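Here is the file target-v9.cif (mmCIF, C-alpha atoms and all ligand atoms).
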data_data
loop_
_atom_site.label_atom_id
_atom_site.label_comp_id
_atom_site.auth_asym_id
_atom_site.auth_seq_id
_atom_site.Cartn_x
_atom_site.Cartn_y
_atom_site.Cartn_z
CA MET A 718 0.00 0.00 0.00
CA TYR A 719 2.78 2.37 1.01
CA GLN A 720 4.66 1.63 -2.23
CA LYS A 721 1.54 2.38 -4.23
CA GLN A 722 1.12 5.73 -2.49
CA ILE A 723 4.72 6.70 -3.27
CA ARG A 724 4.27 5.69 -6.91
CA ASN A 725 1.09 7.74 -7.13
CA TYR A 726 2.78 10.73 -5.48
CA ASN A 727 5.75 10.58 -7.88
CA ARG A 728 3.42 10.32 -10.83
CA LYS A 729 1.50 13.40 -9.70
CA ILE A 730 4.72 15.40 -9.23
CA THR A 731 5.81 14.43 -12.75
CA LEU A 732 2.44 15.43 -14.21
CA ASN A 733 2.49 18.75 -12.36
CA THR A 734 5.97 19.47 -13.71
CA LEU A 735 4.80 18.70 -17.23
CA ILE A 736 1.77 20.97 -16.82
CA LYS A 737 4.01 23.86 -15.77
CA ASN A 738 6.71 23.31 -18.39
CA GLU A 739 6.56 22.51 -22.06
CA LYS A 740 9.06 20.14 -23.66
CA LEU A 741 11.29 18.59 -21.04
CA THR A 742 13.67 15.71 -21.44
CA LYS A 743 13.45 12.85 -18.95
CA LYS A 744 16.78 14.01 -17.54
CA GLN A 745 15.41 17.54 -17.02
CA ILE A 746 12.32 16.12 -15.29
CA SER A 747 14.49 13.97 -13.07
CA ASP A 748 16.68 16.99 -12.15
CA LYS A 749 13.67 19.22 -11.49
CA ILE A 750 11.85 16.86 -9.15
CA GLY A 751 14.78 15.03 -7.65
CA LEU A 752 13.74 11.52 -8.65
CA SER A 753 16.09 8.99 -10.23
CA LEU A 754 16.11 8.76 -14.02
CA GLN A 755 14.98 5.17 -13.71
CA THR A 756 11.88 6.17 -11.71
CA VAL A 757 11.07 8.97 -14.16
CA ASN A 758 11.47 6.53 -17.06
CA GLY A 759 8.95 4.18 -15.48
CA ILE A 760 6.42 6.96 -14.93
CA ILE A 761 6.84 8.35 -18.44
CA ASN A 762 6.36 4.88 -19.93
CA ASP A 763 3.09 4.47 -18.00
CA LEU A 764 1.88 7.92 -19.06
CA ALA A 765 2.78 7.19 -22.68
CA LEU A 766 0.77 3.95 -22.56
CA GLU A 767 -2.18 5.89 -21.15
CA LYS A 768 -1.69 8.42 -23.99
CA VAL A 769 -1.37 11.33 -21.54
CA ILE A 770 2.04 12.34 -22.90
CA SER A 771 3.83 12.23 -26.22
CA GLU A 772 7.55 11.90 -26.90
CA GLU A 773 9.24 13.88 -29.63
CA GLU A 774 12.75 13.51 -30.98
CA LEU A 775 14.27 16.83 -31.96
CA ALA A 776 17.25 17.50 -34.20
CA ASP A 777 20.38 18.44 -32.29
CA SER A 778 22.74 20.83 -34.07
CA THR A 779 25.79 19.48 -32.24
CA GLY A 780 25.45 16.18 -34.07
CA GLY A 781 25.31 14.28 -30.81
CA ARG A 782 22.56 12.01 -29.55
CA ARG A 783 19.24 13.63 -30.30
CA PRO A 784 17.28 14.54 -27.18
CA VAL A 785 13.75 13.21 -26.70
CA TYR A 786 11.28 15.71 -25.35
CA VAL A 787 8.27 14.76 -23.29
CA ASN A 788 5.04 16.72 -23.85
CA LEU A 789 1.78 16.63 -22.00
CA ILE A 790 -1.16 16.10 -24.35
CA ASP A 791 -3.63 18.80 -23.27
CA SER A 792 -6.56 17.05 -24.86
CA SER A 793 -5.77 13.62 -23.41
CA ARG A 794 -8.25 14.08 -20.55
CA PHE A 795 -11.25 16.33 -19.97
CA THR A 796 -13.44 17.52 -17.13
CA PHE A 797 -16.87 19.11 -16.94
CA GLY A 798 -17.83 21.96 -14.63
CA VAL A 799 -21.47 22.89 -14.00
CA ASP A 800 -22.33 26.06 -12.09
CA PHE A 801 -25.86 26.69 -10.81
CA HIS A 802 -27.19 30.24 -10.56
CA SER A 803 -30.67 31.50 -9.74
CA ASN A 804 -31.65 32.03 -13.39
CA TYR A 805 -29.10 30.09 -15.42
CA VAL A 806 -26.76 27.13 -15.40
CA ARG A 807 -23.30 27.39 -16.93
CA ILE A 808 -21.57 24.29 -18.27
CA ILE A 809 -17.94 24.11 -19.35
CA LEU A 810 -15.73 21.45 -20.80
CA ALA A 811 -12.07 21.94 -19.84
CA ASN A 812 -8.91 20.14 -20.91
CA LEU A 813 -6.12 18.82 -18.70
CA LYS A 814 -4.57 22.31 -18.45
CA SER A 815 -7.96 23.74 -17.40
CA LYS A 816 -8.41 25.60 -20.63
CA ILE A 817 -12.10 26.05 -21.38
CA ILE A 818 -12.91 24.22 -24.62
CA LYS A 819 -16.66 24.66 -24.62
CA ASP A 820 -18.76 27.09 -22.61
CA ILE A 821 -22.54 27.18 -22.66
CA ILE A 822 -25.33 28.84 -20.67
CA ILE A 823 -28.74 27.29 -20.13
CA LYS A 824 -31.34 29.83 -19.10
CA VAL A 825 -33.52 28.52 -16.29
CA PRO A 826 -36.72 30.29 -15.26
CA GLN A 827 -36.64 30.93 -11.52
CA SER A 828 -40.11 29.40 -11.34
CA ASP A 829 -38.54 25.98 -12.11
CA TYR A 830 -36.54 26.25 -8.88
CA LYS A 831 -39.47 27.70 -6.93
CA LYS A 832 -41.75 24.85 -7.99
CA GLY A 833 -39.05 22.31 -7.17
CA HIS A 834 -38.67 21.13 -10.78
CA PHE A 835 -35.04 20.22 -10.26
CA ASP A 836 -35.36 16.97 -12.27
CA LYS A 837 -36.33 19.05 -15.27
CA ILE A 838 -33.27 21.32 -14.85
CA MET A 839 -30.97 18.29 -14.49
CA GLY A 840 -32.58 16.81 -17.62
CA ARG A 841 -31.47 19.89 -19.53
CA VAL A 842 -27.96 19.64 -18.03
CA TYR A 843 -27.84 16.00 -19.15
CA SER A 844 -28.82 16.79 -22.76
CA SER A 845 -26.33 19.67 -22.96
CA VAL A 846 -23.43 17.58 -21.63
CA GLU A 847 -24.28 14.71 -23.99
CA LYS A 848 -24.43 17.18 -26.88
CA ILE A 849 -20.99 18.60 -26.02
CA ILE A 850 -19.50 15.09 -25.78
CA SER A 851 -20.84 14.15 -29.19
CA GLU A 852 -19.99 17.48 -30.85
CA GLN A 853 -16.44 17.39 -29.52
CA ASN A 854 -16.19 13.72 -30.40
CA ILE A 855 -14.70 12.75 -27.03
CA SER A 856 -14.63 9.17 -25.85
CA GLU A 857 -16.11 8.95 -22.36
CA ASP A 858 -13.12 7.15 -20.87
CA LYS A 859 -11.16 10.39 -21.40
CA ILE A 860 -13.54 12.31 -19.14
CA LEU A 861 -12.23 12.36 -15.57
CA GLY A 862 -15.49 13.58 -14.08
CA ILE A 863 -18.14 16.23 -13.72
CA GLY A 864 -18.25 18.74 -10.85
CA TYR A 865 -21.36 20.68 -9.83
CA SER A 866 -21.10 24.01 -8.04
CA PHE A 867 -23.96 25.19 -5.82
CA PRO A 868 -24.56 28.48 -4.03
CA GLY A 869 -25.19 27.10 -0.57
CA ILE A 870 -24.36 24.50 2.03
CA VAL A 871 -23.57 21.10 0.58
CA ASP A 872 -22.42 17.78 2.01
CA GLU A 873 -19.80 16.74 -0.52
CA LYS A 874 -19.27 13.21 0.74
CA ARG A 875 -22.93 12.23 0.94
CA LYS A 876 -23.80 14.40 -2.07
CA LEU A 877 -26.55 16.30 -0.30
CA LEU A 878 -27.69 19.82 -1.04
CA ILE A 879 -28.52 20.97 2.44
CA TYR A 880 -29.52 24.58 1.86
CA CYS A 881 -29.29 26.74 -1.27
CA PRO A 882 -31.60 29.72 -0.59
CA ASN A 883 -31.20 31.34 -4.03
CA LEU A 884 -32.26 28.09 -5.70
CA PHE A 885 -35.08 27.34 -3.22
CA ILE A 886 -33.39 24.02 -2.42
CA LYS A 887 -33.46 22.40 1.01
CA ASN A 888 -32.25 18.88 1.78
CA LEU A 889 -32.06 17.53 -1.74
CA ASP A 890 -30.34 14.19 -2.24
CA PHE A 891 -28.13 14.88 -5.25
CA SER A 892 -26.75 11.32 -5.27
CA LYS A 893 -29.69 10.27 -7.44
CA TYR A 894 -28.02 12.11 -10.31
CA GLU A 895 -24.69 10.43 -9.65
CA ARG A 896 -25.19 7.72 -12.25
CA MET A 897 -26.54 10.07 -14.89
CA PHE A 898 -23.14 9.82 -16.58
CA SER A 899 -20.60 6.99 -16.75
CA PHE A 900 -17.85 9.21 -15.26
CA PRO A 901 -17.53 10.29 -11.58
CA CYS A 902 -19.67 13.09 -10.17
CA TYR A 903 -18.73 15.60 -7.47
CA ILE A 904 -20.47 18.52 -5.79
CA GLY A 905 -19.14 21.59 -3.99
CA ASN A 906 -19.97 25.04 -2.68
CA ASP A 907 -19.49 27.78 -5.29
CA ALA A 908 -17.38 30.14 -3.17
CA ASN A 909 -15.14 27.29 -1.96
CA LEU A 910 -14.66 26.09 -5.52
CA ALA A 911 -13.93 29.61 -6.77
CA ALA A 912 -11.36 30.07 -3.99
CA PHE A 913 -9.79 26.74 -4.87
CA ALA A 914 -9.64 27.63 -8.59
CA GLU A 915 -8.10 31.02 -7.77
CA SER A 916 -5.43 29.30 -5.70
CA LYS A 917 -4.64 26.85 -8.50
CA LEU A 918 -5.03 28.98 -11.62
CA GLY A 919 -5.59 32.59 -10.67
CA VAL A 920 -4.15 35.53 -8.83
CA ALA A 921 -3.55 33.48 -5.68
CA LYS A 922 -1.55 30.77 -7.44
CA SER A 923 0.74 29.19 -4.86
CA LYS A 924 -0.38 31.67 -2.17
CA ARG A 925 -0.84 29.77 1.06
CA ASN A 926 -3.29 31.87 3.10
CA MET A 927 -6.24 33.75 1.77
CA VAL A 928 -9.89 34.56 2.13
CA TYR A 929 -11.88 34.70 -1.04
CA VAL A 930 -14.97 36.91 -1.16
CA TYR A 931 -17.29 35.63 -3.86
CA ILE A 932 -20.12 37.90 -4.89
CA VAL A 933 -22.69 36.84 -7.46
CA GLU A 934 -26.47 36.87 -6.79
CA GLY A 935 -25.60 36.02 -3.21
CA VAL A 936 -22.36 36.22 -1.27
CA GLY A 937 -20.01 33.40 -0.33
CA PHE A 938 -16.56 32.97 1.14
CA GLY A 939 -13.74 30.50 0.73
CA ILE A 940 -10.89 30.15 3.20
CA ILE A 941 -7.54 28.73 2.12
CA ILE A 942 -5.09 27.94 4.90
CA ARG A 943 -1.65 26.58 4.11
CA GLY A 944 -2.73 25.90 0.55
CA LYS A 945 -5.76 23.87 1.58
CA LEU A 946 -9.40 24.75 1.56
CA TYR A 947 -10.71 25.05 5.11
CA LYS A 948 -14.28 23.87 5.25
CA GLY A 949 -14.97 23.47 8.94
CA HIS A 950 -16.29 20.56 10.98
CA ASN A 951 -19.69 20.53 9.24
CA GLU A 952 -18.54 21.96 5.89
CA ARG A 953 -20.13 25.26 6.85
CA ALA A 954 -17.12 27.47 7.53
CA GLY A 955 -16.93 30.86 5.90
CA GLU A 956 -20.57 31.90 6.16
CA PHE A 957 -19.40 35.42 6.94
CA GLY A 958 -22.25 36.75 4.84
CA HIS A 959 -24.61 36.01 7.70
CA ILE A 960 -22.64 37.82 10.36
CA ILE A 961 -24.92 40.57 11.61
CA ILE A 962 -23.50 44.03 11.03
CA GLU A 963 -26.65 46.06 11.72
CA LYS A 964 -29.16 45.37 14.50
CA ASP A 965 -32.70 45.17 13.05
CA GLY A 966 -31.20 45.98 9.67
CA LYS A 967 -32.17 44.88 6.20
CA LYS A 968 -33.91 41.56 5.76
CA CYS A 969 -31.55 38.85 4.55
CA ILE A 970 -32.37 35.90 2.30
CA CYS A 971 -31.78 33.63 5.33
CA GLY A 972 -34.70 35.23 7.18
CA LYS A 973 -32.60 37.16 9.72
CA ARG A 974 -32.12 40.90 9.71
CA GLY A 975 -28.93 42.91 9.30
CA CYS A 976 -26.69 40.21 7.78
CA TRP A 977 -23.63 41.47 5.86
CA ASN A 978 -24.99 39.57 2.85
CA ALA A 979 -28.01 41.89 2.68
CA TYR A 980 -25.71 44.90 2.17
CA ILE A 981 -23.11 43.60 -0.27
CA SER A 982 -25.06 41.53 -2.78
CA ILE A 983 -25.27 42.85 -6.33
CA ASP A 984 -29.06 43.13 -5.99
CA THR A 985 -28.60 45.50 -3.05
CA LEU A 986 -26.27 47.72 -5.06
CA ILE A 987 -28.74 47.90 -7.94
CA SER A 988 -31.82 48.47 -5.78
CA ASP A 989 -29.99 51.18 -3.82
CA TYR A 990 -29.27 52.97 -7.06
CA ASN A 991 -32.84 52.49 -8.30
CA ARG A 992 -34.26 54.00 -5.10
CA SER A 993 -32.33 57.21 -5.71
CA SER A 994 -32.96 57.54 -9.44
CA ASN A 995 -35.89 57.73 -11.84
CA HIS A 996 -33.79 55.87 -14.38
CA LYS A 997 -34.27 52.23 -13.31
CA ILE A 998 -31.65 49.64 -14.11
CA LYS A 999 -31.68 45.86 -13.95
CA SER A 1000 -28.11 44.67 -14.32
CA LEU A 1001 -24.63 45.21 -12.97
CA GLU A 1002 -23.48 45.93 -16.53
CA GLU A 1003 -25.87 48.92 -16.72
CA PHE A 1004 -24.57 50.12 -13.36
CA ILE A 1005 -20.96 49.91 -14.58
CA GLU A 1006 -21.90 51.97 -17.66
CA LEU A 1007 -23.31 54.66 -15.35
CA LEU A 1008 -20.12 54.66 -13.29
CA LYS A 1009 -18.09 55.20 -16.45
CA LEU A 1010 -20.38 58.12 -17.33
CA LYS A 1011 -19.56 59.51 -13.86
CA ASP A 1012 -23.22 59.38 -12.83
CA ASN A 1013 -23.46 60.90 -9.35
CA LYS A 1014 -26.21 58.63 -8.08
CA ALA A 1015 -24.28 55.55 -9.18
CA LYS A 1016 -21.16 56.87 -7.43
CA LYS A 1017 -23.14 57.43 -4.23
CA ALA A 1018 -24.71 53.95 -4.34
CA LEU A 1019 -21.23 52.44 -4.81
CA GLU A 1020 -19.81 54.52 -1.97
CA LYS A 1021 -22.47 53.21 0.42
CA TYR A 1022 -21.94 49.67 -0.85
CA LEU A 1023 -18.17 49.90 -0.26
CA ASP A 1024 -18.73 51.31 3.25
CA TYR A 1025 -20.64 48.15 4.17
CA MET A 1026 -18.15 46.02 2.33
CA SER A 1027 -15.27 47.47 4.34
CA ILE A 1028 -17.06 46.95 7.70
CA GLY A 1029 -17.32 43.24 6.95
CA LEU A 1030 -13.79 43.03 5.56
CA ILE A 1031 -12.38 44.52 8.75
CA ASN A 1032 -14.30 41.89 10.78
CA LEU A 1033 -12.87 39.28 8.49
CA ILE A 1034 -9.32 40.55 8.91
CA MET A 1035 -9.76 40.50 12.70
CA THR A 1036 -11.01 36.91 12.61
CA ILE A 1037 -8.69 35.25 10.13
CA ASP A 1038 -5.69 37.56 9.65
CA PRO A 1039 -5.29 36.39 6.06
CA TYR A 1040 -2.33 37.27 3.87
CA TYR A 1041 -4.58 37.89 0.89
CA ILE A 1042 -8.19 38.93 0.53
CA ILE A 1043 -9.43 38.29 -2.98
CA ILE A 1044 -12.64 39.70 -4.34
CA GLY A 1045 -14.18 37.66 -7.13
CA GLY A 1046 -17.38 36.55 -8.81
CA LYS A 1047 -19.62 38.81 -10.84
CA ILE A 1048 -18.82 41.89 -8.74
CA SER A 1049 -15.22 41.86 -10.01
CA LYS A 1050 -16.57 43.17 -13.35
CA ILE A 1051 -16.62 46.60 -11.67
CA GLY A 1052 -12.84 46.53 -11.87
CA SER A 1053 -9.98 47.42 -9.59
CA SER A 1054 -10.21 51.22 -9.80
CA TYR A 1055 -13.84 51.31 -8.63
CA LEU A 1056 -13.60 48.39 -6.23
CA ILE A 1057 -10.16 47.60 -4.82
CA LYS A 1058 -8.60 51.07 -4.73
CA PRO A 1059 -11.48 52.75 -2.81
CA LEU A 1060 -11.73 49.74 -0.46
CA GLU A 1061 -8.03 50.03 0.36
CA LYS A 1062 -8.67 53.62 1.41
CA LYS A 1063 -11.51 52.53 3.68
CA ILE A 1064 -9.37 50.09 5.64
CA PRO A 1065 -8.29 52.08 8.69
CA GLU A 1066 -4.76 53.24 9.24
CA ASP A 1067 -2.54 51.22 11.56
CA ASN A 1068 -4.00 50.45 14.97
CA LEU A 1069 -3.49 47.79 17.62
CA PHE A 1070 -5.16 45.15 15.45
CA ILE A 1071 -4.43 46.10 11.88
CA LYS A 1072 -1.25 47.02 10.08
CA LYS A 1073 -2.20 48.42 6.72
CA LYS A 1074 0.90 47.11 5.01
CA ASP A 1075 -0.07 43.55 5.99
CA ILE A 1076 -3.33 43.68 4.09
CA ASN A 1077 -3.30 42.61 0.48
CA LEU A 1078 -6.57 43.21 -1.25
CA LEU A 1079 -6.69 41.74 -4.76
CA LEU A 1080 -9.15 41.45 -7.59
CA SER A 1081 -9.75 37.90 -8.77
CA LYS A 1082 -8.10 36.92 -12.04
CA LEU A 1083 -10.69 34.28 -12.87
CA ARG A 1084 -13.53 36.71 -12.18
CA GLU A 1085 -16.83 35.08 -13.17
CA ASP A 1086 -15.14 31.85 -14.21
CA GLY A 1087 -13.96 30.95 -10.70
CA SER A 1088 -16.74 28.67 -9.51
CA VAL A 1089 -17.31 26.86 -12.80
CA LEU A 1090 -13.55 26.27 -13.23
CA GLY A 1091 -13.40 25.15 -9.59
CA ALA A 1092 -16.18 22.65 -10.32
CA SER A 1093 -14.21 21.29 -13.26
CA LEU A 1094 -11.07 21.04 -11.11
CA ILE A 1095 -12.63 18.67 -8.53
CA SER A 1096 -12.37 15.82 -11.02
CA LEU A 1097 -8.60 16.37 -11.24
CA LYS A 1098 -8.00 15.74 -7.55
CA ASP A 1099 -7.13 12.04 -7.89
CA PHE A 1100 -5.31 12.54 -11.15
CA LEU A 1101 -3.23 15.60 -10.45
CA TYR A 1102 -3.38 17.16 -7.03
CA ILE A 1103 -0.83 16.39 -4.42
CA ASP A 1104 -2.30 18.34 -1.56
CA ASN A 1105 -5.71 17.23 -0.41
CA TYR A 1106 -8.44 19.14 -2.09
CA ILE A 1107 -10.31 19.51 1.16
CA SER A 1108 -8.74 19.54 4.61
ZN ZN B 1201 -28.44 36.12 6.51
#
Mind turning this structure into structure tokens?
Amino acid sequence: MYQKQIRNYNRKITLNTLIKNEKLTKKQISDKIGLSLQTVNGIINDLALEKVISEEELADSTGGRRPVYVNLIDSSRFTFGVDFHSNYVRIILANLKSKIIKDIIIKVPQSDYKKGHFDKIMGRVYSSVEKIISEQNISEDKILGIGYSFPGIVDEKRKLLIYCPNLFIKNLDFSKYERMFSFPCYIGNDANLAAFAESKLGVAKSKRNMVYVYIVEGVGFGIIIRGKLYKGHNERAGEFGHIIIEKDGKKCICGKRGCWNAYISIDTLISDYNRSSNHKIKSLEEFIELLKLKDNKAKKALEKYLDYMSIGLINLIMTIDPYYIIIGGKISKIGSSYLIKPLEKKIPEDNLFIKKKDINLLLSKLREDGSVLGASLISLKDFLYIDNYIS
């Protein structure tokens, strides 16, 4: 058993090296990862048999023995990511390097969620995935798995959707959809998955400690400690959105009043603007246009929004003391100059608890793609990841 684990570990290190570098000789791989050439040879032979890598002999100008380069075949394996939102579902097909090959949106009327027609929604997901597989002409044994991202509390191991308020889902046994496809199925929380994706592919690549603030229709958080996602004893950690910041304040989607979530969701920003203006808007995109036109009412609504955002962020800094705070999800469309720069100014100057220089506020690189890419990454955990996906 122990031997098998070591072999698996060495194989993953080799694959990770090949993902980061193009064209390496076996000798270079062996030097980079500190394994004997014989071990590397064995691994490369296995990977060649599985058609995950190709070997290429290149001409050498010195006239000596021609070096053989090892290449990872990006399209040798695929993963699916499915991201559920309150009025649409996004499905992506990604290759081994997490490049999005196919990206589709299925519009879902909110009434389907409200009436509990989840089977119908999953039926549409099924047809879309099948269509992608046939269009892309992929054999199913090359698909490592499908990951589903949900805005809410999920039990990953038992595949239960415990509570997703935006989708009107409570205690839904998702395992009944497990055998919908021949490849493995995984589920996860959207903010956790987005945080994970950001730490693997985005602005927080190889950063060990961070809190990820994920703002779409609702608000979610992902905590990464020492490179691993911290989920808590009951997989419920990071529900900062429901920390009360105003007594008897605004009504939150959870039923309580004054939750941080009720002040920093995109809907709040838009409805705040609409209350002050006769020109009513529906989307964040329209709001961003107004900001660019230097609309005063839009600026004021954003100012108020950022005030509430900074109150919560300071609480977060006090609780976790993270090295990085990353803001991602749909809200990141607003951009750094309207979002990150003013927030930095709102963080108080040095005091007993906070040293301003220790706070690194960053805009997500993956932006809206975080959760769906995170969902597609879950299927790579046995194939590629060395650190445990979940602590
Ligand atoms: Zn709440």
- Please give me, as a list in words, the residues lying within 9 Å of ligand ZN 1201 (chain B) when counting only C-alpha atoms and all ligand atoms.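 The residues near ligand ZN 1201 (chain B) are Glu956, Gly958, His959, Ile960, Ile961, Lys968, Cys969, Ile970, Cys971, Gly972, Lys973, Arg974, Gly975, Cys976, Trp977, Asn978 and Ala979 of chain A.
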- Atomic distance atom CA of A:Lys1050 - atom CA of A:Leu1079, expressed in Å with one decimal: 13.2 Å
- For A:Asn883, list every protein, DNA or RNA residue within 8 Å, evaluated using all atoms listed in the file, and leave out those in the same chain fewer than 6 positions away; present the list as a PyMOL selection string. chain A and resi 802-803+868+934-935+970
Write the residues of the preceding selection, restricted to C-alpha atoms, as a compact mmCIF listing (two decimals), in the frame of the given file.
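Everything below was put into again_20.txt:
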# COMPACT_ATOMS: atom_id res chain seq x y z
CA HIS A 802 -27.19 30.24 -10.56
CA SER A 803 -30.67 31.50 -9.74
CA PRO A 868 -24.56 28.48 -4.03
CA GLU A 934 -26.47 36.87 -6.79
CA GLY A 935 -25.60 36.02 -3.21
CA ILE A 970 -32.37 35.90 2.30
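Distances from A:Asn951, A:Gln755, A:Thr985, A:Ser815 to A:Ala914 were compared using only C-alpha atoms, and the smallest one belongs to A:Ser815.
For the set A:Leu918, A:Ile998, A:Ile1037, A:Ile863, the residue with the smallest atom-to-atom gap to A:Ser899 is A:Ile863, counting only C-alpha atoms.
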- Query: Near A:Ile940, within 10 Å and counting only C-alpha atoms, which residues show up once chain neighbours fewer than 3 positions away are dropped, as a PyMOL selection string?
  - Reply: chain A and resi 908-909+912-913+926-930+943-949+954-955+1037+1039+1042
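Excluding stretch 1006-1018 of chain A itself and same-chain residues fewer than 3 positions from it, the residues having an atom within 7 Å of it are Leu986, Asp989, Tyr990, Ser993, Ser994, Glu1002, Glu1003, Lys1021 and Tyr1022 of chain A, counting all atoms listed in the file.
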- A:Leu1060 surroundings by all atoms listed in the file, 10 Å radius, close-in-sequence under 2 positions cut, as JSON, numbers by chain: {"A": [1020, 1023, 1024, 1026, 1027, 1030, 1053, 1054, 1055, 1056, 1057, 1058, 1062, 1063, 1064, 1078]}
What would the file look like if the residues just selected were written as a PDB file, in the coordinates of the input with C-alpha atoms?
ATOM      1  CA  GLU A1020     -19.810  54.520  -1.970  1.00  0.00           C
ATOM      2  CA  LEU A1023     -18.170  49.900  -0.260  1.00  0.00           C
ATOM      3  CA  ASP A1024     -18.730  51.310   3.250  1.00  0.00           C
ATOM      4  CA  MET A1026     -18.150  46.020   2.330  1.00  0.00           C
ATOM      5  CA  SER A1027     -15.270  47.470   4.340  1.00  0.00           C
ATOM      6  CA  LEU A1030     -13.790  43.030   5.560  1.00  0.00           C
ATOM      7  CA  SER A1053      -9.980  47.420  -9.590  1.00  0.00           C
ATOM      8  CA  SER A1054     -10.210  51.220  -9.800  1.00  0.00           C
ATOM      9  CA  TYR A1055     -13.840  51.310  -8.630  1.00  0.00           C
ATOM     10  CA  LEU A1056     -13.600  48.390  -6.230  1.00  0.00           C
ATOM     11  CA  ILE A1057     -10.160  47.600  -4.820  1.00  0.00           C
ATOM     12  CA  LYS A1058      -8.600  51.070  -4.730  1.00  0.00           C
ATOM     13  CA  LYS A1062      -8.670  53.620   1.410  1.00  0.00           C
ATOM     14  CA  LYS A1063     -11.510  52.530   3.680  1.00  0.00           C
ATOM     15  CA  ILE A1064      -9.370  50.090   5.640  1.00  0.00           C
ATOM     16  CA  LEU A1078      -6.570  43.210  -1.250  1.00  0.00           C
TER      17      LEU A1078
END
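When atom CA of A:Ser792 is paired with atom CA of A:Glu857, their separation reads 12.8 Å.
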- Message: I want to know what sits within 12 Å of A:Gln853, based on all atoms listed in the file, with residues of the same chain fewer than 3 positions away left out; could you give that as a PyMOL selection string?
- Response: chain A and resi 792+795+810-812+818-819+846-850+856-857+859-860
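Distances to A:Asp829 were evaluated for A:Lys737, A:Thr756, A:Leu884, A:Phe867 using all atoms listed in the file, and the minimum falls at A:Leu884.
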- Query: How many Å separate atom CA of A:Glu1085 from atom CA of A:Gly1045?
  - Reply: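 Here the two named atoms are 7.1 Å from each other.
Between A:Asp907 and the candidates A:Phe835, A:Tyr880, A:Phe957, A:Phe801, the tightest atom-to-atom separation, counting only C-alpha atoms, involves A:Phe801.
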- Query: Is there a way to get, as a PyMOL selection string, all residues within 8 Å of the point (6.5, 20.5, -23.1) in file coordinates, counting all atoms listed in the file?
  - Reply: chain A and resi 735-736+738-741+786-789
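Taking all atoms listed in the file into account, the polymer residues that have an atom no farther than 8 Å from (-14.6, 17.3, -11.2) are Thr796, Phe797, Gly798, Leu861, Gly862, Ile863, Gly864, Tyr865, Pro901, Cys902, Tyr903, Ala1092, Ser1093, Leu1094, Ile1095, Ser1096, Leu1097 and Lys1098 of chain A.
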- Task: Tell me which of A:Ala765, A:Leu1101, A:Val871, A:Leu877 sits closest to A:Lys729, counting all atoms listed in the file.
- Result: A:Leu1101
Expected axis-aligned box over every listed atom of stretch 827-835 of chain A, 5 Å added per side, centre plus edges in Å to one decimal, as lines of an AutoDock Vina configuration file:
center_x = -38.4
center_y = 25.6
center_z = -9.5
size_x = 16.7
size_y = 20.7
size_z = 15.2
So that I can look at just that part, could you write stretch 885-907 of chain A with C-alpha atoms, as a PDB file, in the first residue's frame?
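For reference, selection.pdb as written:
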ATOM      1  CA  PHE A 885     -35.076  27.340  -3.220  1.00  0.00           C
ATOM      2  CA  ILE A 886     -33.393  24.024  -2.419  1.00  0.00           C
ATOM      3  CA  LYS A 887     -33.465  22.402   1.010  1.00  0.00           C
ATOM      4  CA  ASN A 888     -32.253  18.878   1.780  1.00  0.00           C
ATOM      5  CA  LEU A 889     -32.061  17.525  -1.740  1.00  0.00           C
ATOM      6  CA  ASP A 890     -30.340  14.189  -2.237  1.00  0.00           C
ATOM      7  CA  PHE A 891     -28.126  14.880  -5.254  1.00  0.00           C
ATOM      8  CA  SER A 892     -26.745  11.321  -5.275  1.00  0.00           C
ATOM      9  CA  LYS A 893     -29.690  10.266  -7.438  1.00  0.00           C
ATOM     10  CA  TYR A 894     -28.018  12.107 -10.313  1.00  0.00           C
ATOM     11  CA  GLU A 895     -24.690  10.429  -9.652  1.00  0.00           C
ATOM     12  CA  ARG A 896     -25.185   7.724 -12.253  1.00  0.00           C
ATOM     13  CA  MET A 897     -26.544  10.074 -14.891  1.00  0.00           C
ATOM     14  CA  PHE A 898     -23.136   9.820 -16.582  1.00  0.00           C
ATOM     15  CA  SER A 899     -20.596   6.991 -16.750  1.00  0.00           C
ATOM     16  CA  PHE A 900     -17.847   9.212 -15.260  1.00  0.00           C
ATOM     17  CA  PRO A 901     -17.529  10.290 -11.578  1.00  0.00           C
ATOM     18  CA  CYS A 902     -19.674  13.090 -10.168  1.00  0.00           C
ATOM     19  CA  TYR A 903     -18.734  15.604  -7.467  1.00  0.00           C
ATOM     20  CA  ILE A 904     -20.466  18.523  -5.794  1.00  0.00           C
ATOM     21  CA  GLY A 905     -19.139  21.594  -3.992  1.00  0.00           C
ATOM     22  CA  ASN A 906     -19.973  25.041  -2.675  1.00  0.00           C
ATOM     23  CA  ASP A 907     -19.486  27.780  -5.291  1.00  0.00           C
TER      24      ASP A 907
END
